[in-house]
file entry.cif (mmCIF, C-alpha atoms and all ligand atoms)
data_my_file
loop_
_atom_site.label_atom_id
_atom_site.label_comp_id
_atom_site.auth_asym_id
_atom_site.auth_seq_id
_atom_site.Cartn_x
_atom_site.Cartn_y
_atom_site.Cartn_z
CA MET A 1 6.19 31.49 -4.67
CA THR A 2 6.62 27.81 -3.94
CA ARG A 3 6.15 25.26 -6.69
CA PRO A 4 2.43 24.53 -6.88
CA ILE A 5 2.61 20.74 -6.62
CA ARG A 6 1.37 19.10 -3.43
CA ALA A 7 -0.22 15.91 -2.15
CA ARG A 8 -3.37 16.38 -0.13
CA PHE A 9 -3.82 13.84 2.66
CA ASP A 10 -7.43 13.22 3.67
CA SER A 11 -7.51 11.65 7.13
CA ALA A 12 -11.32 11.41 7.13
CA ALA A 13 -11.14 9.30 3.97
CA LEU A 14 -8.56 7.07 5.63
CA ARG A 15 -10.82 6.50 8.62
CA HIS A 16 -13.75 5.88 6.31
CA ASN A 17 -11.79 3.20 4.44
CA HIS A 18 -10.74 1.65 7.74
CA ALA A 19 -14.41 1.44 8.70
CA VAL A 20 -15.13 -0.31 5.38
CA ALA A 21 -12.35 -2.81 6.14
CA ARG A 22 -13.78 -3.25 9.62
CA HIS A 23 -17.16 -4.04 8.13
CA TYR A 24 -15.72 -6.76 5.88
CA ALA A 25 -13.57 -8.12 8.72
CA GLY A 26 -16.60 -8.98 10.86
CA SER A 27 -15.32 -10.16 14.21
CA ALA A 28 -11.71 -10.52 13.02
CA ARG A 29 -9.21 -7.98 14.24
CA LEU A 30 -7.44 -5.73 11.82
CA TRP A 31 -3.77 -5.02 11.22
CA SER A 32 -3.54 -1.73 9.35
CA VAL A 33 -0.64 -2.26 6.98
CA VAL A 34 1.61 0.82 7.04
CA LYS A 35 4.84 -0.50 5.53
CA ALA A 36 6.81 1.67 3.08
CA ASN A 37 5.95 4.91 4.86
CA ALA A 38 2.26 3.94 4.82
CA TYR A 39 2.35 3.29 1.07
CA GLY A 40 3.92 6.71 0.59
CA HIS A 41 1.24 8.54 2.58
CA GLY A 42 3.46 9.32 5.58
CA LEU A 43 3.73 6.88 8.47
CA GLN A 44 3.15 9.20 11.40
CA ARG A 45 0.15 11.02 9.94
CA THR A 46 -1.42 7.74 8.84
CA VAL A 47 -0.97 6.10 12.22
CA ALA A 48 -2.17 9.25 14.00
CA ALA A 49 -5.34 9.28 11.89
CA LEU A 50 -6.06 5.64 12.75
CA ALA A 51 -4.74 5.63 16.33
CA ASP A 52 -8.13 5.45 18.02
CA VAL A 53 -9.69 2.88 15.66
CA ALA A 54 -6.84 0.52 14.74
CA ASP A 55 -6.30 -2.82 16.47
CA GLY A 56 -2.65 -2.90 15.42
CA PHE A 57 -0.20 -1.83 12.76
CA ALA A 58 1.86 -4.02 10.44
CA LEU A 59 5.03 -2.92 8.73
CA ILE A 60 8.53 -3.95 7.68
CA GLU A 61 10.97 -1.29 8.85
CA MET A 62 12.45 -1.44 12.34
CA GLU A 63 13.26 2.30 12.46
CA SER A 64 9.61 3.05 11.73
CA ALA A 65 8.40 0.67 14.42
CA ILE A 66 10.69 2.26 17.00
CA ALA A 67 9.57 5.73 15.92
CA LEU A 68 5.95 4.69 16.51
CA ARG A 69 6.76 3.43 20.00
CA GLU A 70 8.61 6.69 20.70
CA THR A 71 5.46 8.65 19.93
CA GLY A 72 3.66 6.56 22.52
CA LEU A 73 1.78 4.12 20.28
CA ARG A 74 0.38 1.31 22.43
CA GLN A 75 -1.20 -1.05 19.91
CA PRO A 76 0.55 -4.24 18.81
CA ILE A 77 3.00 -3.87 15.94
CA LEU A 78 3.54 -6.77 13.54
CA MET A 79 6.90 -6.91 11.76
CA LEU A 80 5.97 -8.53 8.46
CA GLU A 81 9.50 -9.55 7.47
CA GLY A 82 10.56 -10.51 10.98
CA PHE A 83 14.24 -10.06 11.79
CA TYR A 84 17.31 -10.35 9.58
CA ALA A 85 19.90 -11.16 12.29
CA ALA A 86 19.43 -12.61 15.76
CA ASP A 87 20.96 -9.57 17.47
CA GLU A 88 17.83 -7.60 16.56
CA LEU A 89 15.67 -9.75 18.81
CA PRO A 90 16.24 -7.79 22.04
CA THR A 91 14.90 -4.72 20.18
CA PHE A 92 11.76 -6.67 19.41
CA ALA A 93 11.32 -7.43 23.11
CA GLU A 94 12.12 -3.89 24.27
CA ASN A 95 9.64 -2.36 21.84
CA GLN A 96 6.99 -5.06 22.08
CA LEU A 97 7.15 -5.89 18.40
CA THR A 98 5.72 -9.13 17.07
CA PRO A 99 8.08 -10.83 14.60
CA VAL A 100 6.91 -12.97 11.72
CA LEU A 101 9.25 -15.98 11.61
CA HIS A 102 9.56 -17.65 8.22
CA ARG A 103 12.57 -19.97 8.57
CA VAL A 104 13.35 -22.73 11.07
CA ASP A 105 16.73 -21.19 11.94
CA GLN A 106 14.88 -18.02 12.94
CA VAL A 107 12.74 -20.06 15.29
CA GLU A 108 15.96 -21.57 16.68
CA ASP A 109 17.44 -18.11 17.25
CA PHE A 110 14.23 -16.95 18.84
CA CYS A 111 14.18 -19.92 21.23
CA ALA A 112 17.89 -19.68 22.06
CA LEU A 113 17.79 -16.07 23.12
CA ALA A 114 16.51 -15.89 26.68
CA LEU A 115 14.46 -12.74 26.25
CA PRO A 116 13.36 -11.00 29.44
CA VAL A 117 9.73 -10.95 28.32
CA ARG A 118 7.60 -13.36 26.39
CA VAL A 119 7.14 -12.13 22.85
CA PRO A 120 4.19 -13.12 20.70
CA VAL A 121 5.20 -14.63 17.36
CA TYR A 122 3.71 -15.21 13.97
CA LEU A 123 4.79 -18.26 12.00
CA LYS A 124 4.60 -17.72 8.26
CA LEU A 125 3.51 -20.70 6.21
CA ASN A 126 4.19 -21.19 2.52
CA THR A 127 0.94 -22.26 0.91
CA GLY A 128 1.89 -21.53 -2.68
CA MET A 129 3.27 -18.01 -2.94
CA ASN A 130 6.74 -19.59 -2.78
CA ARG A 131 8.37 -16.48 -1.44
CA LEU A 132 8.66 -16.88 2.33
CA GLY A 133 7.24 -19.43 4.74
CA LEU A 134 7.58 -22.83 6.41
CA ASN A 135 6.54 -26.08 4.77
CA PRO A 136 4.43 -28.60 6.75
CA TYR A 137 7.45 -30.46 8.11
CA GLU A 138 9.13 -27.21 9.19
CA LEU A 139 5.95 -26.04 10.87
CA GLY A 140 5.96 -29.21 13.01
CA ARG A 141 9.57 -28.60 14.00
CA ALA A 142 8.94 -24.92 14.77
CA LEU A 143 5.97 -25.67 16.99
CA ALA A 144 7.90 -28.38 18.84
CA MET A 145 10.83 -26.01 19.42
CA LEU A 146 8.61 -23.19 20.65
CA ALA A 147 6.77 -25.54 23.01
CA ALA A 148 10.02 -26.92 24.43
CA ALA A 149 11.63 -23.51 24.86
CA ASP A 150 8.58 -21.94 26.50
CA VAL A 151 9.46 -18.47 25.16
CA THR A 152 6.11 -17.33 23.85
CA ASP A 153 2.52 -17.63 24.90
CA ALA A 154 0.97 -16.41 21.68
CA ILE A 155 1.57 -18.11 18.34
CA THR A 156 -0.39 -17.05 15.28
CA LEU A 157 -0.18 -18.82 11.94
CA MET A 158 0.02 -16.62 8.89
CA THR A 159 0.05 -17.07 5.16
CA HIS A 160 -0.11 -14.73 2.18
CA PHE A 161 -2.19 -15.15 -0.99
CA ALA A 162 -0.56 -15.03 -4.40
CA ASP A 163 -3.63 -14.24 -6.49
CA ALA A 164 -6.53 -13.21 -4.26
CA ASP A 165 -7.15 -10.42 -6.77
CA GLY A 166 -6.93 -12.65 -9.83
CA ASP A 167 -8.21 -15.77 -11.51
CA HIS A 168 -6.37 -18.30 -9.31
CA GLY A 169 -8.28 -17.10 -6.25
CA VAL A 170 -7.57 -18.51 -2.80
CA ALA A 171 -9.23 -21.96 -2.63
CA TRP A 172 -6.06 -23.87 -3.57
CA GLN A 173 -4.02 -22.10 -0.88
CA MET A 174 -6.82 -22.46 1.68
CA ALA A 175 -6.80 -26.23 1.03
CA ARG A 176 -3.05 -26.46 1.63
CA LEU A 177 -3.40 -24.32 4.75
CA GLN A 178 -6.13 -26.53 6.15
CA GLU A 179 -3.95 -29.57 5.59
CA MET A 180 -1.04 -27.90 7.36
CA CYS A 181 -3.14 -26.74 10.28
CA ALA A 182 -5.14 -29.95 10.80
CA GLY A 183 -5.41 -30.60 14.51
CA LEU A 184 -4.05 -27.17 15.49
CA THR A 185 -6.21 -24.61 17.27
CA LEU A 186 -3.94 -21.60 16.83
CA PRO A 187 -5.25 -18.24 15.58
CA VAL A 188 -4.62 -17.44 11.91
CA SER A 189 -3.99 -14.31 9.83
CA LEU A 190 -4.51 -14.69 6.09
CA ALA A 191 -6.27 -11.91 4.24
CA ASN A 192 -4.80 -8.93 2.40
CA SER A 193 -7.23 -6.35 0.96
CA ALA A 194 -8.18 -8.48 -2.04
CA ALA A 195 -8.96 -11.57 0.03
CA LEU A 196 -10.80 -9.54 2.65
CA LEU A 197 -13.08 -7.98 0.04
CA ARG A 198 -13.61 -11.07 -2.11
CA PHE A 199 -13.39 -14.15 0.11
CA PRO A 200 -15.10 -13.96 3.51
CA GLU A 201 -13.77 -17.44 4.33
CA THR A 202 -10.26 -15.93 4.64
CA ARG A 203 -11.08 -13.61 7.53
CA GLY A 204 -9.61 -15.78 10.25
CA ASP A 205 -8.58 -14.01 13.47
CA TRP A 206 -6.60 -11.07 12.09
CA VAL A 207 -6.85 -9.53 8.62
CA ARG A 208 -4.12 -7.44 7.00
CA PRO A 209 -5.57 -4.82 4.64
CA GLY A 210 -3.20 -2.31 3.06
CA ILE A 211 -4.16 -0.77 -0.27
CA MET A 212 -7.89 -0.51 0.49
CA LEU A 213 -7.14 1.72 3.49
CA TYR A 214 -5.57 4.18 1.07
CA GLY A 215 -8.69 4.15 -1.10
CA CYS A 216 -7.64 2.02 -4.05
CA SER A 217 -9.08 -1.20 -5.37
CA PRO A 218 -6.97 -4.35 -5.06
CA PHE A 219 -8.64 -5.55 -8.29
CA PRO A 220 -9.30 -2.40 -10.36
CA ASP A 221 -10.17 -4.37 -13.49
CA ARG A 222 -12.94 -6.21 -11.60
CA GLN A 223 -14.30 -3.52 -9.30
CA SER A 224 -13.38 0.13 -8.95
CA ALA A 225 -12.52 1.75 -5.65
CA GLU A 226 -15.71 3.77 -5.94
CA GLU A 227 -17.79 0.61 -6.42
CA LEU A 228 -16.15 -0.77 -3.29
CA GLY A 229 -17.11 2.36 -1.36
CA LEU A 230 -13.50 3.46 -0.87
CA LYS A 231 -12.36 7.08 -0.88
CA PRO A 232 -8.97 8.33 -2.08
CA VAL A 233 -6.68 9.41 0.76
CA MET A 234 -3.94 11.00 -1.35
CA THR A 235 -4.73 13.58 -4.02
CA LEU A 236 -1.72 14.66 -6.05
CA GLU A 237 -2.36 18.10 -7.44
CA SER A 238 -0.48 20.87 -9.18
CA GLU A 239 -1.18 23.73 -11.57
CA LEU A 240 -0.72 24.75 -15.17
CA ILE A 241 2.37 26.90 -15.55
CA GLU A 242 1.97 27.48 -19.29
CA VAL A 243 -0.71 27.31 -21.97
CA ARG A 244 0.11 27.43 -25.65
CA ASP A 245 -1.50 26.89 -29.04
CA ILE A 246 0.33 24.67 -31.48
CA ALA A 247 -0.19 24.07 -35.18
CA ALA A 248 -0.94 20.75 -36.84
CA GLY A 249 2.29 18.81 -37.32
CA GLU A 250 3.97 20.23 -34.20
CA HIS A 251 5.39 17.81 -31.63
CA VAL A 252 5.16 17.86 -27.84
CA GLY A 253 7.98 17.06 -25.45
CA TYR A 254 11.09 14.86 -25.52
CA GLY A 255 11.43 12.40 -28.34
CA CYS A 256 8.73 14.26 -30.29
CA SER A 257 6.55 11.27 -29.45
CA PHE A 258 3.28 13.17 -29.85
CA THR A 259 2.37 14.98 -33.06
CA ALA A 260 -0.68 17.23 -33.33
CA ASP A 261 -2.92 16.19 -36.22
CA GLN A 262 -4.80 19.49 -35.98
CA PRO A 263 -4.23 22.89 -34.36
CA MET A 264 -4.55 22.41 -30.62
CA ARG A 265 -4.16 24.06 -27.25
CA ILE A 266 -1.87 22.39 -24.76
CA GLY A 267 -0.96 23.04 -21.13
CA VAL A 268 2.20 22.41 -19.14
CA VAL A 269 1.80 21.07 -15.59
CA ALA A 270 4.39 21.44 -12.83
CA CYS A 271 4.68 17.70 -12.16
CA GLY A 272 7.08 15.13 -13.55
CA TYR A 273 8.71 11.84 -12.80
CA ALA A 274 10.94 13.46 -10.16
CA ASP A 275 7.71 14.08 -8.24
CA GLY A 276 6.68 10.45 -8.55
CA TYR A 277 4.49 10.66 -11.63
CA PRO A 278 5.21 7.53 -13.70
CA ARG A 279 7.43 8.21 -16.69
CA GLN A 280 5.91 5.22 -18.50
CA ALA A 281 2.49 6.95 -18.62
CA PRO A 282 1.74 7.20 -22.35
CA THR A 283 -0.10 9.91 -24.27
CA GLY A 284 -3.73 9.59 -23.26
CA THR A 285 -3.24 8.98 -19.54
CA PRO A 286 -6.21 10.62 -17.79
CA VAL A 287 -5.74 13.88 -15.87
CA LEU A 288 -8.13 16.51 -14.49
CA VAL A 289 -7.69 20.16 -15.46
CA ASP A 290 -9.91 22.47 -13.46
CA GLY A 291 -12.02 19.42 -12.64
CA ALA A 292 -12.50 18.40 -16.29
CA ARG A 293 -11.10 15.17 -17.54
CA THR A 294 -8.49 15.32 -20.28
CA ARG A 295 -5.28 13.49 -21.23
CA THR A 296 -1.52 13.76 -21.10
CA LEU A 297 0.41 14.43 -24.27
CA GLY A 298 3.89 13.16 -25.12
CA ARG A 299 6.60 11.99 -22.73
CA ILE A 300 6.59 12.77 -19.03
CA SER A 301 9.62 14.94 -18.21
CA MET A 302 11.47 15.12 -14.90
CA ASP A 303 9.58 18.19 -13.67
CA LYS A 304 6.81 18.75 -16.20
CA LEU A 305 4.14 17.02 -18.19
CA CYS A 306 1.87 18.27 -20.96
CA VAL A 307 -1.89 18.00 -21.22
CA ASP A 308 -4.48 18.42 -23.95
CA LEU A 309 -6.58 21.59 -23.48
CA THR A 310 -8.39 21.40 -26.81
CA ASP A 311 -11.69 20.82 -25.02
CA CYS A 312 -10.92 23.25 -22.19
CA PRO A 313 -11.08 26.58 -24.11
CA LYS A 314 -11.50 28.77 -21.03
CA VAL A 315 -8.39 27.55 -19.26
CA SER A 316 -5.47 29.95 -18.82
CA HIS A 317 -2.06 29.42 -17.25
CA GLY A 318 -2.64 31.44 -14.11
CA GLY A 319 -2.87 28.81 -11.44
CA THR A 320 -5.42 26.51 -13.06
CA PRO A 321 -5.62 23.47 -10.76
CA VAL A 322 -4.65 20.05 -12.09
CA THR A 323 -5.34 16.72 -10.38
CA LEU A 324 -2.88 13.99 -11.30
CA TRP A 325 -4.70 11.39 -9.19
CA GLY A 326 -6.95 11.20 -6.15
CA GLU A 327 -10.27 12.95 -5.70
CA GLY A 328 -12.20 12.73 -8.96
CA LEU A 329 -9.62 10.52 -10.69
CA SER A 330 -8.62 7.26 -9.06
CA ALA A 331 -4.91 6.44 -8.91
CA ASP A 332 -6.06 3.04 -10.18
CA GLU A 333 -6.91 4.56 -13.57
CA VAL A 334 -3.62 6.41 -13.87
CA ALA A 335 -1.73 3.29 -12.80
CA ALA A 336 -3.55 1.14 -15.36
CA ALA A 337 -2.70 3.61 -18.13
CA ALA A 338 0.95 3.51 -17.05
CA GLY A 339 1.02 -0.29 -16.87
CA THR A 340 1.45 -0.45 -13.11
CA VAL A 341 -0.57 -0.53 -9.87
CA SER A 342 -1.65 2.21 -7.50
CA TYR A 343 0.72 0.80 -4.85
CA GLU A 344 3.71 1.76 -6.98
CA LEU A 345 2.43 5.27 -7.70
CA PHE A 346 1.89 5.96 -4.01
CA CYS A 347 5.22 4.51 -2.91
CA ALA A 348 7.01 6.57 -5.57
CA LEU A 349 5.68 9.92 -4.33
CA ALA A 350 8.86 11.97 -4.12
CA ALA A 351 10.18 13.55 -0.94
CA ARG A 352 10.17 16.96 -2.66
CA VAL A 353 6.37 16.95 -2.87
CA PRO A 354 4.94 18.60 0.24
CA VAL A 355 2.08 16.75 1.90
CA VAL A 356 -0.77 18.90 3.16
CA GLU A 357 -3.28 17.47 5.61
CA VAL A 358 -6.96 18.27 5.27
CA GLU A 359 -9.66 17.34 7.74
C1 LIG B 1 1.70 -5.64 2.07
C2 LIG B 1 1.11 -6.81 2.73
C3 LIG B 1 -0.26 -6.88 2.98
C4 LIG B 1 -1.24 -5.83 2.49
O1 LIG B 1 -1.55 -6.09 1.14
P1 LIG B 1 -2.62 -5.19 0.35
O2 LIG B 1 -2.69 -5.83 -0.99
O3 LIG B 1 -2.05 -3.82 0.28
O4 LIG B 1 -3.88 -5.24 1.11
C5 LIG B 1 -0.73 -7.96 3.70
N1 LIG B 1 0.11 -8.94 4.12
C6 LIG B 1 1.43 -8.90 3.89
C7 LIG B 1 2.30 -10.01 4.36
C8 LIG B 1 1.98 -7.86 3.18
O5 LIG B 1 3.30 -7.84 2.93
#

call {"tool": "encode", "arguments": {"input": "entry.cif", "output": "structure tokens"}}
result
Amino acid sequence: MTRPIRARFDSAALRHNHAVARHYAGSARLWSVVKANAYGHGLQRTVAALADVADGFALIEMESAIALRETGLRQPILMLEGFYAADELPTFAENQLTPVLHRVDQVEDFCALALPVRVPVYLKLNTGMNRLGLNPYELGRALAMLAAADVTDAITLMTHFADADGDHGVAWQMARLQEMCAGLTLPVSLANSAALLRFPETRGDWVRPGIMLYGCSPFPDRQSAEELGLKPVMTLESELIEVRDIAAGEHVGYGCSFTADQPMRIGVVACGYADGYPRQAPTGTPVLVDGARTRTLGRISMDKLCVDLTDCPKVSHGGTPVTLWGEGLSADEVAAAAGTVSYELFCALAARVPVVEVE
């Protein structure tokens, strides 16, 4: 018998979420963001599921981009972090990858290297995130250099929002962007999932949704994934491998952090932090046992976690299904209980968890 844990991958849900993003994007084109192994969902299966609907794919990792080209992918690929050393640039040309340039010296390198083909480029502008991006003066220099070098025939301006999901919103960054782009008629790419769903004025020419494609809400405390019409793509499921009754005063798990205040029935699930379940999830984190909602008890172990079966009297250990997150229980809820975001749960899915595709 193999260990019962698995992650179900629902390609129909992924395509559904892409259609939702398409609806919000209006006439803008859509980069499907598939960095970090498609947010832990598996790059190749994610790209395959979207191959006939996606306008392009955006990611970070060069090996992944090359792997996509090797499988015959034709759509544009946007490299969100550009290149790290100039000697990577020929690979960009050979594989038709679009780099995002965020420093003037990168623009210099790009112009200096006489590439055999013209490569489209994105110029990243800092409008307040203060991570990567050109300031207004640097943008002027970059555009002048690119014009003089005549190495590209497609420049897109890009920026990233710091708080499109939160109280700061996007207006302040949009104002800075407009100032920077005054007099320019270049296409722009601005919106992540949060901006796309909340601020239609950020659509521009290309949008860049990530998390919404995977069926989670970019602002779970404002609107749930369900309210946004999104469907979970990954369902992490396992089974009970033990059921036991404990007396009042007994503890559960490492650190004895949970103490029963009455006699209770508990279950042990074959899933722990070595599978990607967050160790920080406290007692009370929601979980589904045989479809019924209950809670975790005590500390999450490496390979196991415990659940409260007090209100599930009929449950026995023989293969009772448990959903850790996904269908019926949004990863957003589990993430909130654990003090993190769905992105981190997905990206942490461990390599030892087999992924099973359903249609
Ligand atoms: C990851 C990323 C996105 C997607 O963000 P979501 O919040 O997942 O929609 C968009 N743009 C850039 C530059 C990113 O790095």

call {"tool": "residues_near_ligand", "arguments": {"input": "entry.cif", "ligand": "ligand LIG 1 (chain B)", "cutoff": "7 Å", "atoms": "only C-alpha atoms and all ligand atoms", "output": "PyMOL selection string"}}
result
chain A and resi 33+35+80+160+191-194+208-212+218

call {"tool": "closest_atom_pairs", "arguments": {"input": "entry.cif", "of": "stretch 159-248 of chain A", "to": "stretch 316-339 of chain A", "cutoff": "6 Å", "atoms": "all atoms listed in the file", "output": "CSV"}}
result
residue,atom,partner,partner_atom,distance
A:Pro232,CA,A:Gly326,CA,5.4
A:Met234,CA,A:Gly326,CA,5.7
A:Thr235,CA,A:Gly326,CA,3.9
A:Leu236,CA,A:Leu324,CA,5.4
A:Glu237,CA,A:Thr323,CA,4.4
A:Ser238,CA,A:Val322,CA,5.2
A:Glu239,CA,A:Pro321,CA,4.5
A:Leu240,CA,A:His317,CA,5.3
A:Ile241,CA,A:His317,CA,5.4
A:Glu242,CA,A:His317,CA,4.9
A:Val243,CA,A:His317,CA,5.3

call {"tool": "atom_distance", "arguments": {"input": "entry.cif", "atom1": "atom CA of A:Phe9", "atom2": "atom CA of A:His41"}}
result
7.3 Å

call {"tool": "atom_distance", "arguments": {"input": "entry.cif", "atom1": "atom CA of A:Val100", "atom2": "atom CA of A:Ala58"}}
result
10.4 Å

call {"tool": "residues_around", "arguments": {"input": "entry.cif", "residues": "A:Leu305", "least_positions_apart": "3", "cutoff": "7 Å", "atoms": "only C-alpha atoms", "output": "list in words"}}
result
Val268, Val269, Ala270, Cys271, Gly272, Ile300 and Ser301 of chain A

call {"tool": "closest_residue", "arguments": {"input": "entry.cif", "among": "A:Gly267, A:Gly169, A:Pro313, A:Pro354", "to": "A:Phe219", "atoms": "all atoms listed in the file"}}
result
A:Gly169

call {"tool": "closest_atom_pairs", "arguments": {"input": "entry.cif", "of": "stretch 156-211 of chain A", "to": "stretch 126-145 of chain A", "cutoff": "10 Å", "atoms": "only C-alpha atoms", "output": "tab-separated table"}}
result
residue	atom	partner	partner_atom	distance
A:Leu157	CA	A:Leu139	CA	9.5
A:Met158	CA	A:Gly133	CA	8.8
A:Thr159	CA	A:Asn126	CA	6.4
A:His160	CA	A:Met129	CA	7.0
A:Phe161	CA	A:Met129	CA	6.5
A:Ala162	CA	A:Met129	CA	5.1
A:Asp163	CA	A:Met129	CA	8.6
A:Val170	CA	A:Gly128	CA	9.9
A:Trp172	CA	A:Gly128	CA	8.3
A:Gln173	CA	A:Thr127	CA	5.3
A:Met174	CA	A:Thr127	CA	7.8
A:Ala175	CA	A:Thr127	CA	8.7
A:Arg176	CA	A:Thr127	CA	5.8
A:Leu177	CA	A:Thr127	CA	6.2
A:Gln178	CA	A:Thr127	CA	9.8
A:Glu179	CA	A:Pro136	CA	8.5
A:Met180	CA	A:Pro136	CA	5.5
A:Cys181	CA	A:Pro136	CA	8.6
